[in-house]
Amino acid sequence: MKLNFCTLFDSNFLVSGYTLYISLQKCCKNFHLYIFAFDDLAFEVLTQLHLPNVTVISLSEFEDEELLRIKPTRSKGEYCWTCTSSTIKYCIETFHLDHCTYLDADLFFYGDPEDIIQDINKAGKDVLITKHNYTKKHERLSIISGIYCVQFMFFRNTVEGMEVLNWWRNACIDWCFNRHEDGKFGDQKYLDDWPSRFPCVHVSTMNGAGLASWNSVDYHIVEQPSQKNPFKLVNNKKKTECDLIFFHFHKFRLSENDVVWTRAYNLPKSIIKHIYIPYTNLCLAHYEYLHQVNQNIVLPQKSSWMPRSFFSSTLFFLISIPYCLWKEKSLIIEFNNYHVYKIKNGKLIRS
């Protein structure tokens, strides 16, 4: 079965997007990836690369009247969220696909995504979504961010599947902002009632689909991957074993001056050692390659508010408390769990 995927990113996420593609090349036997380039530089570089099994789509090709109408009312990030459903719809309708799966650009595959597709095929449904699966400590975040994560979303080109997709696109056109309002948040909280609203929606049962910083503390690694087998994981609570299919590197950033950092949760040492450090080294190598292809590709500047010391981290956290009390209505999100690394002599060193 040929799997159709789509993703979107601008030049700031080009390294992550290219790394996603490389992981698909390694893990997926038969696929095509439609990449929506959200700025001119990303389109230029992706066109220069001539990647097999890839179609690059520019904003000028993709944007329609409705998207252009609301574009001035959204921030850059909000507009990307607004466009997610539209990219899937564009691929299905323009390229006459029988299905399409949206992928976040900061995913990385360790196992075959076809295993996830088989899950929905067995269920006989038309739309597949994945849970955040927050740890117990962070499950309250689902109130803000949603039960389900817009990271791996499968839509079948059926009457039922397109009904869900069109409903989602229309909702995002009407409202898609980086704030919590009337039970909505971005494009993501819309998914909360899909299993009850739409009978054709299936929630993935694959435990290894969607490991991320917000749930990795619930797992430990028992096997390293070979050419054929992905990581083996054991759920610390359920004591069940599963294959790692993909990891979501949420808030992972590479910045200039060889600084690597993530604004994350408490990451287990085994996840840092076996997942984050190899991924970081791979991203650094891909950055060097992309920079050779086009010297306009540079790492973004380090964020001015990234903590550089215990004092600044503590100060930032104390400042964040009254902000969260005001902004999130007493829901305090932990800002102090940063994982910061520097590169020295080719090795990652914790700052």
# chains A, B, ... in the order shown; residues from 1 in each chain; ligands from 1

call {"tool": "residues_around", "arguments": {"residues": "A:Asp104", "least_positions_apart": "2", "cutoff": "10 Å", "atoms": "only C-alpha atoms", "output": "PDB file with C-alpha atoms, in the first residue's frame"}}
result
ATOM      1  CA  CYS A   6       1.588  15.848   3.882  1.00  0.00           C
ATOM      2  CA  THR A   7       3.374  18.322   6.112  1.00  0.00           C
ATOM      3  CA  LEU A   8       3.967  22.061   6.271  1.00  0.00           C
ATOM      4  CA  PHE A   9       6.855  24.219   7.453  1.00  0.00           C
ATOM      5  CA  SER A  16      13.257  19.242  11.223  1.00  0.00           C
ATOM      6  CA  GLY A  17      11.165  18.736   8.092  1.00  0.00           C
ATOM      7  CA  LEU A  20      11.262  13.792   9.126  1.00  0.00           C
ATOM      8  CA  THR A  84      -3.366  22.164   8.550  1.00  0.00           C
ATOM      9  CA  TYR A 102      -0.939  14.891   8.010  1.00  0.00           C
ATOM     10  CA  ASP A 106       8.948  17.687  14.141  1.00  0.00           C
ATOM     11  CA  LEU A 107       8.077  13.985  14.081  1.00  0.00           C
ATOM     12  CA  PHE A 108      10.709  11.287  13.592  1.00  0.00           C
ATOM     13  CA  CYS A 149      -2.772  15.871  19.295  1.00  0.00           C
ATOM     14  CA  VAL A 150      -2.615  17.237  15.762  1.00  0.00           C
ATOM     15  CA  GLN A 151       0.504  15.261  14.886  1.00  0.00           C
ATOM     16  CA  PHE A 152      -0.504  12.171  12.865  1.00  0.00           C
ATOM     17  CA  MET A 153      -3.964  12.472  11.328  1.00  0.00           C
ATOM     18  CA  HIS A 248       7.254  13.951  18.593  1.00  0.00           C
ATOM     19  CA  PHE A 249      10.094  16.411  19.276  1.00  0.00           C
ATOM     20  CA  HIS A 250       7.827  19.165  20.551  1.00  0.00           C
TER      21      HIS A 250
END

call {"tool": "residues_around", "arguments": {"residues": "stretch 214-223 of chain A", "least_positions_apart": "4", "cutoff": "7 Å", "atoms": "only C-alpha atoms", "output": "list in words"}}
result
Asn133, Tyr134, Thr135, Phe231, Lys232, Leu233, Val234, Asn235, Asn236, Lys237, Tyr265, Leu267, Pro268 and Ser270 of chain A

call {"tool": "residues_around", "arguments": {"residues": "stretch 27-33 of chain A", "least_positions_apart": "4", "cutoff": "8 Å", "atoms": "only C-alpha atoms", "output": "list in words"}}
result
Met1, Lys2, Leu3, Asn4, Phe5, Cys6, Thr7, Tyr21, Ser23, Asn53, Val54, Thr55, Phe109, Tyr110, Gly111, Asp112, Pro113 and Glu114 of chain A

call {"tool": "residues_around", "arguments": {"residues": "A:Cys91", "least_positions_apart": "3", "cutoff": "8 Å", "atoms": "only C-alpha atoms", "output": "PyMOL selection string"}}
result
chain A and resi 6+34+87-88+94-97+100

call {"tool": "atom_distance", "arguments": {"atom1": "atom CA of A:Val293", "atom2": "atom CA of A:Pro278"}}
result
22.8 Å

call {"tool": "atom_distance", "arguments": {"atom1": "atom CA of A:Gln188", "atom2": "atom CA of A:Asn166"}}
result
14.9 Å

call {"tool": "closest_residue", "arguments": {"among": "A:Leu46, A:Gly186, A:Pro195, A:Tyr90", "to": "A:Tyr18", "atoms": "only C-alpha atoms"}}
result
A:Leu46
